[in-house]
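Visitor: The structure file entry.pdb (PDB, C-alpha atoms) is provided below.
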```pdb
ATOM      1  CA  MET A   1       3.479 221.839 205.231
ATOM      2  CA  PRO A   2       1.035 219.075 204.236
ATOM      3  CA  ALA A   3       1.845 215.523 205.177
ATOM      4  CA  THR A   4       2.944 213.383 202.274
ATOM      5  CA  PRO A   5       2.589 209.625 201.887
ATOM      6  CA  SER A   6       6.286 209.326 202.588
ATOM      7  CA  SER A   7       6.773 210.625 206.155
ATOM      8  CA  PHE A   8       9.835 209.357 207.934
ATOM      9  CA  PRO A   9      10.265 208.545 211.603
ATOM     10  CA  THR A  10      12.825 210.703 213.318
ATOM     11  CA  VAL A  11      15.319 207.951 214.058
ATOM     12  CA  LEU A  12      18.850 209.216 214.480
ATOM     13  CA  SER A  13      21.514 207.155 212.750
ATOM     14  CA  ARG A  14      23.293 204.765 215.022
ATOM     15  CA  ARG A  15      27.052 205.271 215.394
ATOM     16  CA  CYS A  16      27.829 201.748 214.230
ATOM     17  CA  VAL A  17      25.563 200.988 211.290
ATOM     18  CA  LEU A  18      24.588 197.406 210.681
ATOM     19  CA  LEU A  19      24.332 197.432 206.928
ATOM     20  CA  GLY A  20      21.498 195.657 205.212
ATOM     21  CA  GLY A  21      21.127 191.940 204.956
ATOM     22  CA  ALA A  22      24.792 191.274 204.380
ATOM     23  CA  GLY A  23      25.477 192.164 208.002
ATOM     24  CA  LEU A  24      28.504 194.292 207.182
ATOM     25  CA  VAL A  25      29.915 196.290 210.071
ATOM     26  CA  ILE A  26      32.160 199.243 209.316
ATOM     27  CA  SER A  27      35.487 198.611 211.014
ATOM     28  CA  GLY A  28      36.701 201.297 213.374
ATOM     29  CA  CYS A  29      33.248 202.712 213.902
ATOM     30  CA  SER A  30      34.486 204.327 217.099
ATOM     31  CA  LEU A  31      36.341 206.786 214.847
ATOM     32  CA  PHE A  32      33.136 208.170 213.415
ATOM     33  CA  GLY A  33      32.372 211.613 214.760
ATOM     34  CA  GLU A  34      28.830 212.779 215.431
ATOM     35  CA  GLN A  35      29.242 216.050 213.585
ATOM     36  CA  PRO A  36      29.335 216.481 209.829
ATOM     37  CA  ARG A  37      32.723 217.486 208.452
ATOM     38  CA  ASN A  38      33.164 221.247 208.498
ATOM     39  CA  GLN A  39      35.802 222.325 206.034
ATOM     40  CA  SER A  40      36.201 225.779 207.508
ATOM     41  CA  THR A  41      37.565 224.455 210.818
ATOM     42  CA  PRO A  42      41.010 222.903 211.212
ATOM     43  CA  ASP A  43      40.723 219.328 210.103
ATOM     44  CA  VAL A  44      40.903 216.856 212.966
ATOM     45  CA  ALA A  45      40.517 213.934 210.550
ATOM     46  CA  THR A  46      36.774 213.509 211.188
ATOM     47  CA  PRO A  47      35.679 210.863 208.708
ATOM     48  CA  ASP A  48      33.383 212.125 206.005
ATOM     49  CA  PRO A  49      29.796 211.198 206.968
ATOM     50  CA  LEU A  50      29.173 210.181 203.349
ATOM     51  CA  LEU A  51      31.516 207.203 203.803
ATOM     52  CA  VAL A  52      28.860 205.301 205.718
ATOM     53  CA  VAL A  53      26.209 206.174 203.144
ATOM     54  CA  SER A  54      28.447 204.941 200.316
ATOM     55  CA  ALA A  55      29.221 201.672 202.108
ATOM     56  CA  ALA A  56      25.492 201.170 202.735
ATOM     57  CA  ALA A  57      24.803 201.611 199.026
ATOM     58  CA  ARG A  58      27.428 199.014 198.111
ATOM     59  CA  ALA A  59      26.011 196.609 200.690
ATOM     60  CA  ASP A  60      22.535 196.906 199.146
ATOM     61  CA  ALA A  61      23.988 196.470 195.651
ATOM     62  CA  ALA A  62      25.809 193.321 196.745
ATOM     63  CA  ALA A  63      22.693 191.941 198.439
ATOM     64  CA  ALA A  64      20.507 192.671 195.410
ATOM     65  CA  THR A  65      23.051 191.034 193.087
ATOM     66  CA  GLN A  66      23.219 187.942 195.289
ATOM     67  CA  LEU A  67      19.431 187.752 195.469
ATOM     68  CA  ALA A  68      19.130 188.102 191.702
ATOM     69  CA  ALA A  69      21.128 184.897 191.293
ATOM     70  CA  THR A  70      18.541 182.941 193.293
ATOM     71  CA  SER A  71      15.301 184.651 192.228
ATOM     72  CA  PRO A  72      14.920 184.251 188.448
ATOM     73  CA  PRO A  73      11.467 185.903 188.260
ATOM     74  CA  GLN A  74      12.830 189.062 189.930
ATOM     75  CA  VAL A  75      16.170 189.291 188.160
ATOM     76  CA  ALA A  76      15.411 192.494 186.256
ATOM     77  CA  VAL A  77      14.159 194.435 189.278
ATOM     78  CA  LEU A  78      17.008 193.266 191.503
ATOM     79  CA  GLN A  79      19.609 194.061 188.864
ATOM     80  CA  SER A  80      18.207 197.572 188.421
ATOM     81  CA  ILE A  81      18.343 198.085 192.200
ATOM     82  CA  ALA A  82      21.937 196.845 192.237
ATOM     83  CA  ALA A  83      22.873 199.174 189.385
ATOM     84  CA  GLU A  84      21.230 202.188 191.026
ATOM     85  CA  ARG A  85      22.782 201.574 194.449
ATOM     86  CA  THR A  86      26.164 201.183 192.764
ATOM     87  CA  ALA A  87      25.611 204.515 191.017
ATOM     88  CA  HIS A  88      24.783 206.007 194.433
ATOM     89  CA  ALA A  89      28.074 204.730 195.869
ATOM     90  CA  GLN A  90      30.023 206.111 192.912
ATOM     91  CA  ALA A  91      28.441 209.550 193.188
ATOM     92  CA  LEU A  92      29.040 209.602 196.942
ATOM     93  CA  ASP A  93      32.665 208.503 196.515
ATOM     94  CA  ALA A  94      33.214 211.244 193.940
ATOM     95  CA  GLU A  95      31.894 213.843 196.393
ATOM     96  CA  ILE A  96      33.999 212.400 199.225
ATOM     97  CA  THR A  97      37.098 212.602 197.033
ATOM     98  CA  ARG A  98      36.261 216.125 195.911
ATOM     99  CA  ALA A  99      35.805 217.296 199.510
ATOM    100  CA  ALA A 100      39.057 215.626 200.588
ATOM    101  CA  GLY A 101      40.891 217.403 197.772
ATOM    102  CA  THR A 102      39.730 220.830 198.918
ATOM    103  CA  SER A 103      40.572 220.419 202.610
ATOM    104  CA  SER A 104      43.286 222.694 204.039
ATOM    105  CA  PRO A 105      46.938 221.752 203.440
ATOM    106  CA  SER A 106      47.568 221.481 207.163
ATOM    107  CA  SER A 107      44.960 218.761 207.537
ATOM    108  CA  THR A 108      45.747 215.101 207.769
ATOM    109  CA  PRO A 109      44.856 213.093 204.650
ATOM    110  CA  ALA A 110      41.309 211.834 204.502
ATOM    111  CA  PRO A 111      41.134 208.277 205.828
ATOM    112  CA  ALA A 112      40.779 205.536 203.257
ATOM    113  CA  VAL A 113      37.347 203.960 202.977
ATOM    114  CA  PRO A 114      37.346 201.377 205.756
ATOM    115  CA  ALA A 115      37.265 197.847 204.410
ATOM    116  CA  PRO A 116      34.089 196.233 205.677
ATOM    117  CA  VAL A 117      34.640 193.402 208.106
ATOM    118  CA  VAL A 118      32.438 190.704 206.654
ATOM    119  CA  ALA A 119      31.093 188.415 209.326
ATOM    120  CA  PRO A 120      29.611 185.103 208.170
ATOM    121  CA  THR A 121      25.941 185.846 207.453
ATOM    122  CA  PRO A 122      22.948 184.065 205.999
ATOM    123  CA  ALA A 123      22.233 184.720 202.342
ATOM    124  CA  PRO A 124      20.241 187.906 201.737
ATOM    125  CA  THR A 125      16.498 187.626 201.370
ATOM    126  CA  ALA A 126      13.948 189.999 199.908
ATOM    127  CA  ALA A 127      13.002 190.835 203.509
ATOM    128  CA  SER A 128      16.568 191.637 204.536
ATOM    129  CA  LEU A 129      17.162 193.743 201.420
ATOM    130  CA  ARG A 130      13.934 195.588 202.162
ATOM    131  CA  ALA A 131      15.033 196.241 205.759
ATOM    132  CA  GLY A 132      18.379 197.514 204.500
ATOM    133  CA  LEU A 133      16.826 199.881 201.985
ATOM    134  CA  GLN A 134      14.406 201.212 204.610
ATOM    135  CA  GLU A 135      17.195 201.929 207.070
ATOM    136  CA  HIS A 136      19.383 203.505 204.395
ATOM    137  CA  GLN A 137      16.564 205.698 203.130
ATOM    138  CA  ARG A 138      16.016 206.878 206.693
ATOM    139  CA  ALA A 139      19.724 207.531 207.265
ATOM    140  CA  ALA A 140      20.189 209.410 203.988
ATOM    141  CA  THR A 141      17.106 211.513 204.717
ATOM    142  CA  GLN A 142      18.311 212.443 208.202
ATOM    143  CA  LEU A 143      21.793 213.301 206.983
ATOM    144  CA  ALA A 144      20.340 215.446 204.177
ATOM    145  CA  TYR A 145      18.901 217.769 206.824
ATOM    146  CA  THR A 146      22.279 218.938 208.140
ATOM    147  CA  VAL A 147      24.927 218.673 205.419
ATOM    148  CA  ALA A 148      26.111 221.317 202.942
ATOM    149  CA  PRO A 149      23.542 222.241 200.262
ATOM    150  CA  TYR A 150      25.025 220.295 197.325
ATOM    151  CA  ARG A 151      25.282 217.193 199.508
ATOM    152  CA  ALA A 152      21.677 217.688 200.644
ATOM    153  CA  GLY A 153      20.562 217.474 197.017
ATOM    154  CA  LEU A 154      22.597 214.335 196.371
ATOM    155  CA  LEU A 155      21.366 212.642 199.555
ATOM    156  CA  GLY A 156      17.786 213.696 198.812
ATOM    157  CA  SER A 157      17.939 212.002 195.415
ATOM    158  CA  ILE A 158      19.468 208.894 196.956
ATOM    159  CA  ALA A 159      16.819 208.710 199.689
ATOM    160  CA  ALA A 160      14.076 209.191 197.091
ATOM    161  CA  ALA A 161      15.580 206.470 194.914
ATOM    162  CA  CYS A 162      15.621 204.037 197.856
ATOM    163  CA  ALA A 163      11.919 204.779 198.398
ATOM    164  CA  THR A 164      11.138 203.926 194.771
ATOM    165  CA  GLN A 165      13.204 200.744 194.969
ATOM    166  CA  LEU A 166      11.213 199.653 198.036
ATOM    167  CA  ALA A 167       8.029 200.154 196.014
ATOM    168  CA  VAL A 168       9.157 197.741 193.268
ATOM    169  CA  LEU A 169      10.728 195.116 195.526
ATOM    170  CA  PRO A 170       8.732 191.894 195.423
TER     171      PRO A 170
ATOM    172  CA  MET B   1      10.344 230.055 208.915
ATOM    173  CA  THR B   2      12.613 232.903 207.704
ATOM    174  CA  LEU B   3      13.958 232.310 204.206
ATOM    175  CA  THR B   4      17.242 233.438 202.703
ATOM    176  CA  ALA B   5      17.128 235.138 199.301
ATOM    177  CA  ASP B   6      18.439 231.964 197.673
ATOM    178  CA  GLU B   7      15.756 229.877 199.378
ATOM    179  CA  GLN B   8      13.103 232.338 198.209
ATOM    180  CA  ARG B   9      14.293 231.966 194.615
ATOM    181  CA  GLY B  10      14.338 228.184 194.862
ATOM    182  CA  LEU B  11      10.828 228.115 196.333
ATOM    183  CA  ALA B  12       9.540 230.513 193.659
ATOM    184  CA  ASP B  13      10.817 228.061 191.037
ATOM    185  CA  ALA B  14       9.106 225.240 192.914
ATOM    186  CA  VAL B  15       5.827 227.189 192.876
ATOM    187  CA  ARG B  16       6.147 227.617 189.101
ATOM    188  CA  ALA B  17       6.717 223.872 188.717
ATOM    189  CA  GLU B  18       3.736 223.071 190.931
ATOM    190  CA  HIS B  19       1.493 225.478 188.975
ATOM    191  CA  ALA B  20       2.471 223.609 185.798
ATOM    192  CA  ALA B  21       1.837 220.280 187.524
ATOM    193  CA  VAL B  22      -1.673 221.275 188.599
ATOM    194  CA  TYR B  23      -2.438 222.426 185.052
ATOM    195  CA  ALA B  24      -1.036 219.244 183.526
ATOM    196  CA  TYR B  25      -2.961 216.974 185.864
ATOM    197  CA  GLY B  26      -6.148 218.610 184.579
ATOM    198  CA  LEU B  27      -5.306 217.190 181.148
ATOM    199  CA  VAL B  28      -4.200 213.872 182.627
ATOM    200  CA  ASP B  29      -7.516 213.649 184.472
ATOM    201  CA  ALA B  30      -9.455 214.053 181.238
ATOM    202  CA  TYR B  31      -7.691 211.169 179.480
ATOM    203  CA  ALA B  32      -6.422 208.794 182.167
ATOM    204  CA  SER B  33      -7.747 205.256 182.173
ATOM    205  CA  PRO B  34     -10.467 204.561 184.782
ATOM    206  CA  GLN B  35      -8.211 202.404 186.944
ATOM    207  CA  ARG B  36      -5.758 205.342 187.284
ATOM    208  CA  GLN B  37      -8.439 207.824 188.297
ATOM    209  CA  THR B  38      -7.786 207.567 192.029
ATOM    210  CA  ALA B  39      -4.052 208.067 191.489
ATOM    211  CA  VAL B  40      -4.696 211.114 189.318
ATOM    212  CA  THR B  41      -7.092 212.718 191.792
ATOM    213  CA  GLU B  42      -4.705 212.121 194.680
ATOM    214  CA  ALA B  43      -1.663 213.404 192.786
ATOM    215  CA  ALA B  44      -3.469 216.548 191.668
ATOM    216  CA  ALA B  45      -4.550 217.237 195.253
ATOM    217  CA  VAL B  46      -1.023 216.729 196.614
ATOM    218  CA  HIS B  47       0.500 219.099 194.065
ATOM    219  CA  ARG B  48      -2.188 221.679 194.733
ATOM    220  CA  GLN B  49      -1.636 221.474 198.509
ATOM    221  CA  ARG B  50       2.125 221.687 198.115
ATOM    222  CA  ARG B  51       1.801 224.653 195.772
ATOM    223  CA  ASP B  52      -0.552 226.490 198.157
ATOM    224  CA  ALA B  53       1.628 225.809 201.210
ATOM    225  CA  THR B  54       4.727 227.058 199.406
ATOM    226  CA  MET B  55       2.957 230.192 198.211
ATOM    227  CA  SER B  56       1.857 230.851 201.820
ATOM    228  CA  LEU B  57       5.420 230.410 203.034
ATOM    229  CA  LEU B  58       6.693 232.939 200.493
ATOM    230  CA  ARG B  59       3.976 235.449 201.390
ATOM    231  CA  ALA B  60       4.839 235.042 205.082
ATOM    232  CA  ASN B  61       8.355 236.147 204.085
ATOM    233  CA  GLY B  62       7.045 239.199 202.265
ATOM    234  CA  VAL B  63       7.549 237.646 198.826
ATOM    235  CA  GLN B  64       4.857 237.704 196.164
ATOM    236  CA  PRO B  65       4.757 234.137 194.808
ATOM    237  CA  PRO B  66       4.635 233.563 191.033
ATOM    238  CA  ALA B  67       1.144 233.325 189.598
ATOM    239  CA  ALA B  68       0.025 230.493 187.371
ATOM    240  CA  GLU B  69       0.459 230.999 183.645
ATOM    241  CA  ALA B  70      -2.635 231.225 181.448
ATOM    242  CA  GLY B  71      -1.504 228.055 179.669
ATOM    243  CA  TYR B  72       1.482 225.761 179.484
ATOM    244  CA  VAL B  73       3.318 224.129 176.591
ATOM    245  CA  ILE B  74       2.744 220.397 176.850
ATOM    246  CA  PRO B  75       5.612 218.279 175.442
ATOM    247  CA  VAL B  76       3.374 215.669 173.834
ATOM    248  CA  PRO B  77      -0.334 216.117 172.980
ATOM    249  CA  VAL B  78      -2.565 214.214 175.403
ATOM    250  CA  THR B  79      -5.053 212.141 173.468
ATOM    251  CA  ASP B  80      -5.385 208.815 175.308
ATOM    252  CA  PRO B  81      -4.457 207.031 178.556
ATOM    253  CA  ALA B  82      -0.877 206.342 177.424
ATOM    254  CA  THR B  83      -0.076 209.965 176.595
ATOM    255  CA  ALA B  84      -1.874 211.038 179.773
ATOM    256  CA  ALA B  85       0.361 208.737 181.835
ATOM    257  CA  ALA B  86       3.435 209.962 179.954
ATOM    258  CA  LEU B  87       2.552 213.556 180.801
ATOM    259  CA  ALA B  88       1.989 212.626 184.450
ATOM    260  CA  ALA B  89       5.413 210.946 184.615
ATOM    261  CA  GLU B  90       7.026 214.005 183.039
ATOM    262  CA  VAL B  91       5.274 216.325 185.491
ATOM    263  CA  GLU B  92       6.491 214.329 188.478
ATOM    264  CA  SER B  93      10.001 214.339 187.061
ATOM    265  CA  GLU B  94       9.942 218.126 186.634
ATOM    266  CA  THR B  95       8.615 218.804 190.112
ATOM    267  CA  ALA B  96      11.236 216.428 191.541
ATOM    268  CA  VAL B  97      13.898 218.549 189.831
ATOM    269  CA  ALA B  98      12.426 221.702 191.353
ATOM    270  CA  TRP B  99      12.446 220.270 194.875
ATOM    271  CA  ARG B 100      15.977 218.910 194.607
ATOM    272  CA  ALA B 101      16.979 222.402 193.486
ATOM    273  CA  VAL B 102      15.362 223.820 196.643
ATOM    274  CA  LEU B 103      17.488 221.395 198.676
ATOM    275  CA  GLU B 104      20.633 222.565 196.922
ATOM    276  CA  ARG B 105      19.851 226.193 197.801
ATOM    277  CA  SER B 106      18.665 225.631 201.367
ATOM    278  CA  THR B 107      20.494 226.213 204.630
ATOM    279  CA  PRO B 108      20.883 223.197 206.917
ATOM    280  CA  GLN B 109      18.356 222.484 209.638
ATOM    281  CA  PRO B 110      19.613 222.557 213.233
ATOM    282  CA  PRO B 111      20.793 219.072 214.311
ATOM    283  CA  GLY B 112      17.827 217.128 215.664
ATOM    284  CA  ALA B 113      15.227 219.357 214.011
ATOM    285  CA  THR B 114      12.503 217.281 212.388
ATOM    286  CA  ALA B 115      10.776 220.113 210.535
ATOM    287  CA  GLY B 116      12.070 222.777 208.219
ATOM    288  CA  LEU B 117      12.764 223.527 204.581
ATOM    289  CA  ARG B 118      15.085 220.521 204.198
ATOM    290  CA  SER B 119      12.465 218.155 205.638
ATOM    291  CA  THR B 120       9.747 219.559 203.408
ATOM    292  CA  SER B 121      11.952 219.388 200.326
ATOM    293  CA  VAL B 122      13.127 215.798 200.872
ATOM    294  CA  ASP B 123       9.506 214.755 201.462
ATOM    295  CA  ALA B 124       8.407 216.503 198.257
ATOM    296  CA  LEU B 125      11.285 215.078 196.206
ATOM    297  CA  THR B 126      10.554 211.577 197.490
ATOM    298  CA  ASP B 127       6.824 211.904 196.816
ATOM    299  CA  CYS B 128       7.457 213.070 193.236
ATOM    300  CA  ALA B 129       9.941 210.243 192.681
ATOM    301  CA  LEU B 130       7.441 207.634 193.903
ATOM    302  CA  ARG B 131       4.664 208.969 191.664
ATOM    303  CA  CYS B 132       7.018 209.232 188.681
ATOM    304  CA  ALA B 133       8.099 205.623 189.096
ATOM    305  CA  SER B 134       4.469 204.568 189.464
ATOM    306  CA  TRP B 135       3.491 206.275 186.183
ATOM    307  CA  ARG B 136       6.499 204.779 184.404
ATOM    308  CA  ALA B 137       5.473 201.343 185.650
ATOM    309  CA  ALA B 138       1.932 201.974 184.386
ATOM    310  CA  LEU B 139       3.451 202.748 180.982
ATOM    311  CA  GLY B 140       5.361 199.471 181.073
ATOM    312  CA  GLN B 141       8.752 201.208 181.297
ATOM    313  CA  ARG B 142      11.335 198.874 182.807
ATOM    314  CA  PRO B 143      13.105 199.760 184.953
ATOM    315  CA  SER B 144      10.515 202.153 186.331
ATOM    316  CA  THR B 145      13.025 203.538 188.836
ATOM    317  CA  THR B 146      15.963 205.909 188.237
ATOM    318  CA  ALA B 147      19.136 206.311 190.287
ATOM    319  CA  PHE B 148      18.877 210.050 190.990
ATOM    320  CA  PRO B 149      15.313 211.375 190.999
ATOM    321  CA  GLY B 150      15.339 215.148 190.743
ATOM    322  CA  GLN B 151      18.718 215.378 189.063
ATOM    323  CA  PRO B 152      18.250 217.631 186.026
TER     324      PRO B 152
END
```
Give the structure from the file, written as structure tokens.

Guide:
Amino acid sequence: MPATPSSFPTVLSRRCVLLGGAGLVISGCSLFGEQPRNQSTPDVATPDPLLVVSAAARADAAAATQLAATSPPQVAVLQSIAAERTAHAQALDAEITRAAGTSSPSSTPAPAVPAPVVAPTPAPTAASLRAGLQEHQRAATQLAYTVAPYRAGLLGSIAAACATQLAVLP
Amino acid sequence: MTLTADEQRGLADAVRAEHAAVYAYGLVDAYASPQRQTAVTEAAAVHRQRRDATMSLLRANGVQPPAAEAGYVIPVPVTDPATAAALAAEVESETAVAWRAVLERSTPQPPGATAGLRSTSVDALTDCALRCASWRAALGQRPSTTAFPGQP
């Protein structure tokens, strides 16, 4: 296949994801399994891998919103990024909920979305938002390779959207 | 790469979309403003390459890929740089849809694999999304980005 302008390095997602410029760390990251959730096997309460992706989207949305308050010339772009990343989180949460609802009756309930442990951090900058979006594009792309087909489509769109947001970031 | 029947169908649809894109970029090329010429030439080449590679992949799986149509219905007549850019944005949006659809019909890659149908499709979807946003920006559309490129 021909190379495209958007080739991604083959970085595997880290188990504990440092999210964007806000420096959020998912609590209980030792619970996160390496394998994507397989609904045909007995559920051993492996957290849905989309949980991390959703939290990453909300972190970017929060960072973009915060930045918008301090960067009047870039308000429109930052607000559109915040709105899109929020839409990403909502779509991911809907899919997480749907998947949890179709798991076998003998399974344990899906874990609640872990509340991020917010460590004191410096205010987000355009550079930190950029770094966050780059990492999250990479992570969504990698995850798209191995998940169920519908999820691959959703993650592909999200990764592509992050790429376009990076292109309009000042 | 051995394709499932569903993957073959998805890729055939992608070939159709890429045929239409190559055709459309011929019109875009004729009317685009001079400062967009490089972008048009590059985009046309990328779509052509992607189309050819996908047709080769189908043939390697014993599938006759769809041929280009003699002509295509263009949504809005192209008469100047603005309508040329609008057509280009539409073309990128349509090909993004086709490549997301391939993703939704594709089997997963083995963990750790860096090449395969999923990789190719995410790359294509991302490339189309970037070009679409670029054309929308050229048209002055704000925001130029959308939340879910490739979602029909």

Visitor: Padding 5 Å on each side, edges along x, y and z: where is the centre of the box around the listed atoms of stretch 119-132 of chain B, and how long are its edges in Å to one decimal? Output it as JSON.

Guide:
```
{"center_x": 8.9, "center_y": 213.6, "center_z": 197.2, "size_x": 18.5, "size_y": 21.9, "size_z": 27.0}
```

Visitor: Write out as CSV a residue-level contact list of chain A versus chain B with cut-off 8 Å: for each qualifying residue the closest pair of atoms and the distance in Å to one decimal, counting all atoms listed in the file, rows sorted by chain and residue number upward.

Guide:
```
residue,atom,partner,partner_atom,distance
A:Met1,CA,B:Ala53,CA,5.9
A:Pro2,CA,B:Arg50,CA,6.7
A:Thr4,CA,B:Asp123,CA,6.8
A:Pro5,CA,B:Asp127,CA,7.0
A:Ser6,CA,B:Asp127,CA,6.3
A:Ser7,CA,B:Asp123,CA,6.8
A:Thr10,CA,B:Thr114,CA,6.7
A:Ala76,CA,B:Pro143,CA,7.7
A:Val77,CA,B:Pro143,CA,6.9
A:Ser80,CA,B:Pro143,CA,6.5
A:Glu84,CA,B:Ala147,CA,4.7
A:Arg85,CA,B:Ala147,CA,7.3
A:Ala87,CA,B:Ala147,CA,6.8
A:His88,CA,B:Ala147,CA,7.0
A:Thr141,CA,B:Val122,CA,7.0
A:Ala144,CA,B:Arg118,CA,7.3
A:Tyr145,CA,B:Arg118,CA,5.4
A:Thr146,CA,B:Pro108,CA,4.6
A:Val147,CA,B:Pro108,CA,6.3
A:Ala148,CA,B:Pro108,CA,6.8
A:Pro149,CA,B:Glu104,CA,4.4
A:Tyr150,CA,B:Glu104,CA,5.0
A:Arg151,CA,B:Glu104,CA,7.6
A:Ala152,CA,B:Leu103,CA,5.9
A:Gly153,CA,B:Glu104,CA,5.1
A:Leu154,CA,B:Phe148,CA,7.8
A:Gly156,CA,B:Val122,CA,5.5
A:Ser157,CA,B:Phe148,CA,4.9
A:Ile158,CA,B:Phe148,CA,6.1
A:Ala159,CA,B:Thr126,CA,7.2
A:Ala160,CA,B:Thr126,CA,4.3
A:Ala161,CA,B:Ala147,CA,5.8
A:Ala163,CA,B:Leu130,CA,7.0
A:Thr164,CA,B:Leu130,CA,5.3
A:Gln165,CA,B:Thr145,CA,6.7
A:Ala167,CA,B:Leu130,CA,7.8
```

Visitor: For the file shown, what are the residues hit by the PyMOL selection byres ((chain A and resi 67) around 9), laid out as a VMD selection string?

Guide: chain A and resid 62 to 66 68 to 71 74 to 75 78 123 to 126 129

Visitor: Report the distance between atom CA of B:Leu3 and atom CA of B:Ala60 in Å, rounded to one decimal place.

Guide: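 About the pair atom CA of B:Leu3 and atom CA of B:Ala60: they are 9.6 Å apart.
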
Visitor: Using the chain letters and numbers from this file, what does the PyMOL selection byres ((chain B and resi 7-19) around 7) select? Give the answer as JSON, numbers by chain.

Guide: {"B": [3, 4, 5, 6, 20, 21, 22, 23, 47, 51, 54, 55, 58, 65, 66, 68, 94, 95, 98, 99, 101, 102, 105, 106]}

Visitor: What gap, in Å, lies between atom CA of A:Gly132 and atom CA of A:Ala59?

Guide: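 We find that atom CA of A:Gly132 and atom CA of A:Ala59 lie 8.6 Å from each other.
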
Visitor: Do you have the atom CA of A:Ala94-atom CA of A:Ala45 distance handy?

Guide: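 Separation between atom CA of A:Ala94 and atom CA of A:Ala45: 18.3 Å.
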
Visitor: Could you state which residues are captured by the PyMOL selection byres ((chain A and resi 54) around 8) in this file, as number ranges by chain?

Guide: A: 50-53, 55-58, 88-90, 92-93
